[in-house]
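Shown below: model01.txt, with compact mmCIF, C-alpha atoms.
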```
# COMPACT_ATOMS: atom_id res chain seq x y z
CA MET F 1454 30.31 16.08 5.02
CA THR F 1455 26.97 15.77 3.28
CA GLU F 1456 23.72 15.11 5.04
CA ILE F 1457 21.42 12.75 3.17
CA LEU F 1458 17.85 13.85 3.85
CA SER F 1459 14.72 11.79 3.57
CA PRO F 1460 12.81 12.76 0.41
CA ILE F 1461 9.50 11.62 1.91
CA THR F 1462 7.68 10.69 5.11
CA GLY F 1463 8.02 6.95 5.46
CA SER F 1464 9.47 4.08 7.42
CA VAL F 1465 13.00 2.75 7.22
CA TRP F 1466 12.82 -0.70 5.67
CA LYS F 1467 16.47 -1.58 5.17
CA ILE F 1468 19.86 -0.04 5.81
CA ILE F 1469 22.11 -1.02 2.93
CA ALA F 1470 25.35 0.89 3.56
CA GLN F 1471 26.97 0.41 6.96
CA VAL F 1472 29.00 3.04 8.80
CA GLY F 1473 32.59 3.10 7.56
CA THR F 1474 31.87 1.62 4.16
CA GLN F 1475 32.82 3.30 0.90
CA VAL F 1476 29.97 4.34 -1.39
CA ASN F 1477 29.90 5.66 -4.91
CA GLU F 1478 27.61 8.34 -6.27
CA GLY F 1479 24.20 6.73 -6.85
CA ASP F 1480 24.74 3.79 -4.50
CA THR F 1481 21.75 2.99 -2.34
CA VAL F 1482 22.32 3.88 1.32
CA VAL F 1483 18.88 3.16 2.77
CA ILE F 1484 15.57 1.84 1.46
CA LEU F 1485 12.42 3.52 2.74
CA GLU F 1486 8.86 2.29 2.54
CA SER F 1487 6.12 4.78 1.76
CA MET F 1488 3.02 4.94 -0.41
CA LYS F 1489 3.11 1.14 -0.84
CA MET F 1490 6.52 1.43 -2.53
CA GLU F 1491 10.16 0.82 -1.66
CA ILE F 1492 12.12 4.03 -2.21
CA LYS F 1493 15.88 3.90 -2.55
CA VAL F 1494 17.79 6.78 -0.98
CA LYS F 1495 21.11 7.15 -2.76
CA SER F 1496 24.45 8.72 -2.01
CA PRO F 1497 24.85 12.07 -3.81
CA HIS F 1498 28.60 11.53 -4.31
CA ASP F 1499 31.50 9.16 -3.72
CA GLY F 1500 32.61 8.96 -0.10
CA LYS F 1501 32.59 7.12 3.18
CA VAL F 1502 29.46 6.61 5.31
CA ALA F 1503 30.29 8.51 8.49
CA GLU F 1504 26.97 8.08 10.29
CA ILE F 1505 23.59 6.42 9.89
CA LYS F 1506 21.00 8.39 11.84
CA VAL F 1507 18.06 5.97 11.56
CA LYS F 1508 17.24 2.40 12.50
CA GLU F 1509 15.29 -0.17 10.54
CA GLY F 1510 11.62 0.23 11.45
CA ASP F 1511 11.89 3.93 12.32
CA SER F 1512 9.18 6.27 11.05
CA ILE F 1513 10.75 9.41 9.65
CA LEU F 1514 9.61 12.72 8.22
CA GLU F 1515 10.49 14.40 4.96
CA ASP F 1516 13.87 16.17 5.37
CA ASP F 1517 14.91 14.14 8.43
CA ILE F 1518 18.62 13.31 8.28
CA ILE F 1519 19.14 9.70 7.26
CA ALA F 1520 22.91 9.50 6.97
CA ILE F 1521 26.09 11.54 6.70
CA VAL F 1522 28.58 10.84 3.93
CA GLU F 1523 32.06 12.36 4.02
CA MET Z 400 3.55 -15.73 7.97
CA GLN Z 401 3.56 -18.60 10.51
CA GLU Z 402 4.97 -16.24 13.13
CA VAL Z 403 2.19 -13.73 12.47
CA ARG Z 404 -0.41 -16.50 12.71
CA LYS Z 405 1.02 -17.60 16.07
CA ARG Z 406 0.75 -14.11 17.50
CA CYS Z 407 -2.50 -12.80 16.05
CA PRO Z 408 -5.54 -14.37 14.33
CA VAL Z 409 -5.70 -11.80 11.53
CA ILE Z 410 -6.60 -12.38 7.90
CA ILE Z 411 -3.35 -12.21 5.93
CA ASN Z 412 -3.19 -10.25 2.68
CA PHE Z 413 0.03 -9.97 0.68
CA SER Z 414 0.98 -7.51 -2.02
CA THR Z 415 1.90 -8.54 -5.55
CA GLY Z 416 2.81 -5.04 -6.69
CA ALA Z 417 6.31 -4.20 -7.88
CA VAL Z 418 8.06 -2.12 -10.51
CA GLY Z 419 10.81 -3.62 -12.66
CA VAL Z 420 10.24 -7.15 -11.36
CA ASP Z 421 9.12 -10.02 -13.61
CA ARG Z 422 5.67 -11.48 -13.07
CA ASP Z 423 6.86 -14.88 -11.85
CA THR Z 424 8.78 -13.21 -9.04
CA ARG Z 425 5.85 -10.92 -8.21
CA ILE Z 426 3.59 -13.92 -7.51
CA ALA Z 427 6.17 -16.45 -6.19
CA HIS Z 428 5.44 -15.78 -2.50
CA ILE Z 429 1.71 -16.19 -3.05
CA ARG Z 430 2.26 -19.58 -4.67
CA GLU Z 431 4.53 -20.62 -1.83
CA VAL Z 432 2.72 -19.47 1.33
CA LYS Z 433 -0.89 -19.18 0.12
CA PRO Z 434 -2.24 -16.28 2.19
CA GLU Z 435 -6.03 -15.89 2.45
CA ILE Z 436 -5.96 -12.77 0.22
CA ALA Z 437 -3.53 -11.21 -2.26
CA ALA Z 438 -3.58 -7.90 -4.07
CA LEU Z 439 -4.47 -7.99 -7.76
CA ASN Z 440 -3.53 -4.66 -9.31
CA MET Z 441 -6.12 -3.86 -11.95
CA GLY Z 442 -4.27 -1.61 -14.38
CA SER Z 443 -1.10 0.12 -15.54
CA MET Z 444 -0.41 3.69 -14.52
CA ASN Z 445 2.10 6.38 -13.70
CA TYR Z 446 2.90 6.00 -9.99
CA ALA Z 447 4.45 9.11 -8.50
CA LYS Z 448 4.90 11.31 -5.48
CA TYR Z 449 5.12 15.03 -6.10
CA SER Z 450 6.67 17.41 -3.58
CA PRO Z 451 5.37 20.98 -3.86
CA LYS Z 452 8.20 21.99 -1.52
CA ARG Z 453 10.88 20.58 -3.84
CA LYS Z 454 8.96 21.49 -7.01
CA GLY Z 455 9.69 18.06 -8.34
CA PHE Z 456 8.84 14.39 -8.18
CA VAL Z 457 10.21 12.42 -5.25
CA PHE Z 458 9.78 9.37 -7.45
CA SER Z 459 8.04 8.75 -10.73
CA LEU Z 460 7.53 5.20 -11.92
CA VAL Z 461 5.46 3.30 -14.45
CA PHE Z 462 3.50 0.56 -12.69
CA GLN Z 463 2.82 -2.05 -15.36
CA ASN Z 464 -0.18 -4.34 -15.06
CA PRO Z 465 -1.36 -5.40 -18.52
CA PHE Z 466 -4.35 -7.75 -18.74
CA ASP Z 467 -2.09 -10.70 -19.63
CA ASP Z 468 -0.29 -10.29 -16.31
CA ILE Z 469 -3.51 -9.65 -14.38
CA MET Z 470 -4.93 -12.93 -15.73
CA PHE Z 471 -1.67 -14.75 -14.96
CA PHE Z 472 -1.76 -13.53 -11.34
CA LEU Z 473 -5.46 -14.31 -11.06
CA ASP Z 474 -4.98 -17.85 -12.36
CA THR Z 475 -2.24 -18.46 -9.78
CA MET Z 476 -4.43 -17.09 -6.98
CA VAL Z 477 -7.40 -19.26 -7.98
CA LYS Z 478 -5.25 -22.40 -8.21
CA ASN Z 479 -3.87 -21.74 -4.73
CA GLY Z 480 -7.17 -20.84 -3.06
CA VAL Z 481 -6.20 -17.18 -2.58
CA LYS Z 482 -8.91 -14.52 -2.80
CA PRO Z 483 -8.04 -11.57 -5.06
CA GLU Z 484 -8.28 -8.08 -3.64
CA CYS Z 485 -8.65 -5.99 -6.79
CA GLU Z 486 -6.65 -2.81 -6.22
CA CYS Z 487 -8.05 0.01 -8.33
CA PHE Z 488 -6.13 3.26 -8.53
CA ASP Z 489 -8.42 4.80 -11.12
CA LEU Z 490 -11.99 4.57 -12.38
CA GLY Z 491 -11.02 2.45 -15.39
CA HIS Z 492 -9.37 -0.09 -13.12
CA VAL Z 493 -12.72 -0.71 -11.42
CA GLU Z 494 -14.45 -1.19 -14.75
CA SER Z 495 -11.67 -3.59 -15.79
CA VAL Z 496 -13.10 -6.24 -13.45
CA ILE Z 497 -16.14 -6.53 -15.72
CA PRO Z 498 -14.55 -8.46 -18.64
CA LEU Z 499 -12.78 -10.77 -16.19
CA MET Z 500 -16.08 -11.46 -14.42
CA ASP Z 501 -17.79 -11.93 -17.78
CA MET Z 502 -15.20 -14.54 -18.78
CA GLY Z 503 -15.90 -16.32 -15.50
CA ILE Z 504 -12.28 -16.16 -14.31
CA LEU Z 505 -12.88 -13.54 -11.61
CA LYS Z 506 -15.55 -14.83 -9.26
CA HIS Z 507 -14.84 -14.23 -5.60
CA LEU Z 508 -13.37 -10.77 -5.31
CA GLN Z 509 -13.30 -7.64 -3.27
CA ILE Z 510 -12.42 -4.19 -4.52
CA SER Z 511 -10.03 -1.68 -2.99
CA LEU Z 512 -10.31 1.89 -4.16
CA VAL Z 513 -6.78 3.27 -3.75
CA MET Z 514 -6.71 7.05 -3.76
CA GLY Z 515 -4.00 9.67 -3.43
CA VAL Z 516 -1.21 8.39 -5.67
CA VAL Z 517 -0.18 10.91 -8.32
CA GLY Z 518 -1.10 9.21 -11.59
CA GLY Z 519 -4.30 7.75 -10.15
CA MET Z 520 -7.40 9.12 -8.48
CA ALA Z 521 -6.94 12.08 -6.16
CA ALA Z 522 -8.01 11.58 -2.56
CA THR Z 523 -11.30 13.49 -2.56
CA SER Z 524 -14.74 12.66 -1.23
CA ARG Z 525 -16.29 13.55 -4.57
CA ASN Z 526 -14.05 11.04 -6.39
CA LEU Z 527 -14.80 8.32 -3.84
CA THR Z 528 -18.55 8.91 -4.09
CA HIS Z 529 -18.42 8.47 -7.85
CA VAL Z 530 -15.94 5.59 -8.12
CA SER Z 531 -17.71 3.56 -5.44
CA SER Z 532 -20.91 3.92 -7.47
CA VAL Z 533 -19.42 1.96 -10.38
CA VAL Z 534 -18.41 -1.04 -8.24
CA PRO Z 535 -20.55 -3.92 -9.58
CA PRO Z 536 -23.51 -4.68 -7.26
CA GLY Z 537 -22.95 -7.20 -4.49
CA ILE Z 538 -19.17 -6.81 -4.33
CA ALA Z 539 -17.56 -5.60 -1.09
CA TRP Z 540 -15.36 -2.52 -1.45
CA GLN Z 541 -13.00 -0.63 0.80
CA VAL Z 542 -11.13 2.62 0.52
CA ILE Z 543 -7.34 2.87 0.84
CA GLY Z 544 -6.28 6.46 1.30
CA ILE Z 545 -2.65 7.34 0.71
CA SER Z 546 -1.33 10.15 2.94
CA GLN Z 547 -3.16 11.92 5.72
CA ASP Z 548 -6.10 12.59 3.42
CA GLN Z 549 -6.91 9.04 4.47
CA TRP Z 550 -9.11 10.33 7.32
CA LEU Z 551 -11.33 12.33 4.99
CA LEU Z 552 -11.77 9.23 2.83
CA ILE Z 553 -12.44 7.01 5.85
CA ALA Z 554 -15.26 9.34 6.91
CA THR Z 555 -16.69 9.33 3.39
CA ALA Z 556 -16.46 5.54 2.99
CA LEU Z 557 -18.12 5.00 6.36
CA ALA Z 558 -20.99 7.25 5.32
CA LEU Z 559 -21.32 5.50 1.94
CA GLY Z 560 -21.45 2.03 3.51
CA GLY Z 561 -18.00 0.89 2.39
CA ASN Z 562 -15.22 -0.80 4.29
CA ILE Z 563 -12.06 0.99 5.41
CA ARG Z 564 -8.35 0.29 5.67
CA VAL Z 565 -5.77 2.11 7.78
CA GLY Z 566 -2.13 1.39 8.54
CA LEU Z 567 1.41 2.65 8.17
CA GLU Z 568 1.61 1.21 4.66
CA ASP Z 569 -0.66 4.03 3.54
CA ASN Z 570 -0.52 6.87 6.05
CA PHE Z 571 1.78 7.85 8.93
CA TYR Z 572 -0.34 10.59 10.51
CA LEU Z 573 -3.02 10.48 13.19
CA ALA Z 574 -3.68 14.17 12.62
CA PRO Z 575 -1.77 16.96 10.84
CA GLY Z 576 1.74 16.96 12.31
CA VAL Z 577 1.06 14.01 14.65
CA MET Z 578 2.81 10.83 13.57
CA ALA Z 579 1.36 7.48 14.63
CA GLN Z 580 3.73 5.30 16.62
CA GLY Z 581 2.35 2.14 15.06
CA ASN Z 582 -0.68 0.61 13.41
CA GLY Z 583 -2.58 0.32 16.70
CA PRO Z 584 -3.36 4.02 17.16
CA LEU Z 585 -4.47 4.29 13.52
CA VAL Z 586 -6.86 1.36 13.97
CA GLU Z 587 -8.16 2.79 17.26
CA LYS Z 588 -8.99 6.08 15.56
CA ALA Z 589 -10.72 4.31 12.65
CA VAL Z 590 -12.79 2.21 15.07
CA ARG Z 591 -13.78 5.33 16.98
CA MET Z 592 -14.85 7.05 13.76
CA ALA Z 593 -16.96 4.04 12.73
CA ARG Z 594 -18.69 3.80 16.11
CA ASP Z 595 -19.31 7.56 16.20
CA ILE Z 596 -21.61 7.20 13.21
CA GLY Z 597 -23.24 3.99 14.40
CA ARG Z 598 -21.21 1.36 12.51
CA GLU Z 599 -19.66 -1.54 14.39
CA PRO Z 600 -16.37 -3.06 13.19
CA ALA Z 601 -16.52 -6.77 12.34
CA THR Z 602 -14.51 -9.27 14.34
CA VAL Z 603 -11.93 -11.29 12.44
CA GLU Z 604 -14.34 -14.24 12.27
CA GLU Z 605 -17.18 -12.01 11.07
CA ALA Z 606 -14.85 -10.53 8.45
CA ARG Z 607 -14.04 -14.05 7.21
CA VAL Z 608 -17.75 -14.65 6.67
CA ILE Z 609 -18.35 -11.25 5.02
CA LEU Z 610 -15.40 -11.73 2.67
CA GLY Z 611 -16.16 -15.40 2.02
CA ILE Z 612 -12.85 -16.67 3.38
CA ASN Z 613 -13.42 -20.16 4.67
CA ARG Z 614 -9.96 -21.42 5.52
CA GLN Z 615 -7.80 -20.44 8.50
```
As structure tokens - that is how I would like this structure written.
Amino acid sequence: MTEILSPITGSVWKIIAQVGTQVNEGDTVVILESMKMEIKVKSPHDGKVAEIKVKEGDSILEDDIIAIVE
Amino acid sequence: MQEVRKRCPVIINFSTGAVGVDRDTRIAHIREVKPEIAALNMGSMNYAKYSPKRKGFVFSLVFQNPFDDIMFFLDTMVKNGVKPECECFDLGHVESVIPLMDMGILKHLQISLVMGVVGGMAATSRNLTHVSSVVPPGIAWQVIGISQDQWLLIATALALGGNIRVGLEDNFYLAPGVMAQGNGPLVEKAVRMARDIGREPATVEEARVILGINRQ
């Protein structure tokens, strides 16, 4: 199980990978919005998305858990 | 945009900024929906966020805005009756409006001084004091502060006679460690700061007059 942490304070613009789907290393899991930019948060390895901890529109802090990949 | 108009009589301003997207796509929505204002990014730059905690860049991009593209965006805005909001992330970006004004292709503009992006101007009062002094006379300017340094810049801009912008696009904090739950509390704080020093925020209709926006 790997926790994917937010690299920045921002808002959750779009959830790309749904719970239960297979992702490869480097696949985008969630897109954040911060500093006038869209920031892709990617899976650090191949695996299955076990949990998405945020909702679209949420404001989150740096290091908040975004998702868990197993 | 129609849904926003139904709910609130605000002036609508859309971005045209993007990295790795061709210029036709960057301006397509402006051509289609014709907002009152659109951002015109006035120069190319590194665009980054550095994390001292991680000792590394969270992201590091090159934001490309050569003059050919700036003039292409400007031409589209003029043809569609959209007022350009010249977004300037550095001193040279402000001075880049001068040749466009001299050629007569940039006439009705406003300037946004965007501060706090790594690669552009740092968010300091000293920088804002200087960069606002090179805005050509008679042109309205506002400050856009990225991160919670926004409040320092708001105070400085208010004292210098400039306009201000707040919102979750730029800053998530009402105070250190206190996240705003929406744009409303950020606007309320900005209004309070303006009134505290004797400046009264314009209504939407007054802002239309000040910015020279005639259409609804």
Pull out every residue of chain F sitting within 9 Å of chain Z, counting only C-alpha atoms, and send them as a PyMOL selection string.
chain F and resi 1460-1464+1486-1492+1512-1514
Exercise: residues within 9 Å of coordinate (32.8, 3.1, 13.5), counting all atoms listed in the file, as a PyMOL selection string
chain F and resi 1472-1473+1503-1504
Check the smallest atom-to-atom distance from each of F:Lys1495, F:Lys1501, F:Lys1467, F:Lys1508 to Val1522 in chain F using only C-alpha atoms, then report the winner.
F:Lys1501
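Separating CA of Asn526 in chain Z from CA of Leu512 in chain Z is a distance of 10.1 Å.
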Near-Val534 in chain Z list (10 Å; all atoms listed in the file; drop same-chain fewer than 5 positions) as a PyMOL selection string
chain Z and resi 490+493-494+496-497+509-512+529+539-540
Taken to one decimal, the CA of Glu1523 in chain F-CA of Ser459 in chain Z distance is 28.4 Å
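If you count all atoms listed in the file and ignore residues fewer than 6 places along the chain from Val1476 in chain F, what sits within 8 Å of it is F:Ala1470, F:Ser1496, F:His1498, F:Asp1499, F:Gly1500, F:Lys1501, F:Val1502.
As for CA of Arg425 in chain Z and CA of Leu473 in chain Z, they are spaced 12.1 Å apart.
Among the candidates Z:Val420, Z:Cys487, Z:Ile411, Z:Val403, the residue lying nearest to Val603 in chain Z is Z:Ile411 (atoms considered: only C-alpha atoms).
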Ser524 in chain Z: which residues within 10 Å, counting all atoms listed in the file, same-chain residues fewer than 5 positions away excluded, as a PDB file with C-alpha atoms, keeping the file's coordinate frame?
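The file below, out_35.pdb, is the result:
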```pdb
ATOM      1  CA  HIS Z 529     -18.420   8.470  -7.850  1.00  0.00           C
ATOM      2  CA  VAL Z 530     -15.940   5.590  -8.120  1.00  0.00           C
ATOM      3  CA  ASP Z 548      -6.100  12.590   3.420  1.00  0.00           C
ATOM      4  CA  LEU Z 551     -11.330  12.330   4.990  1.00  0.00           C
ATOM      5  CA  LEU Z 552     -11.770   9.230   2.830  1.00  0.00           C
ATOM      6  CA  ILE Z 553     -12.440   7.010   5.850  1.00  0.00           C
ATOM      7  CA  ALA Z 554     -15.260   9.340   6.910  1.00  0.00           C
ATOM      8  CA  THR Z 555     -16.690   9.330   3.390  1.00  0.00           C
ATOM      9  CA  ALA Z 556     -16.460   5.540   2.990  1.00  0.00           C
TER      10      ALA Z 556
END
```
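Nearest residue to Phe488 in chain Z, choosing from Z:Met444, Z:Ala574, Z:Val461, Z:Met592 and counting all atoms listed in the file: Z:Met444.
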Determine, counting all atoms listed in the file, which protein, DNA and RNA residues have an atom within 12 Å of an atom of Asp474 in chain Z; residues of the same chain fewer than 2 positions away are not included. Present the result as a PyMOL selection string.
chain Z and resi 426+429-430+439+466-472+476-483+499+503-506
Closest of Z:Ile436, Z:Leu573, Z:Val608, Z:Ile538 to Leu585 in chain Z, counting only C-alpha atoms, is Z:Leu573
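Distance annotation: of Z:Gly561, Z:Gly455, Z:Pro584, Z:Pro498, the residue with the minimal separation from Arg598 in chain Z is Z:Gly561; atom set is all atoms listed in the file.
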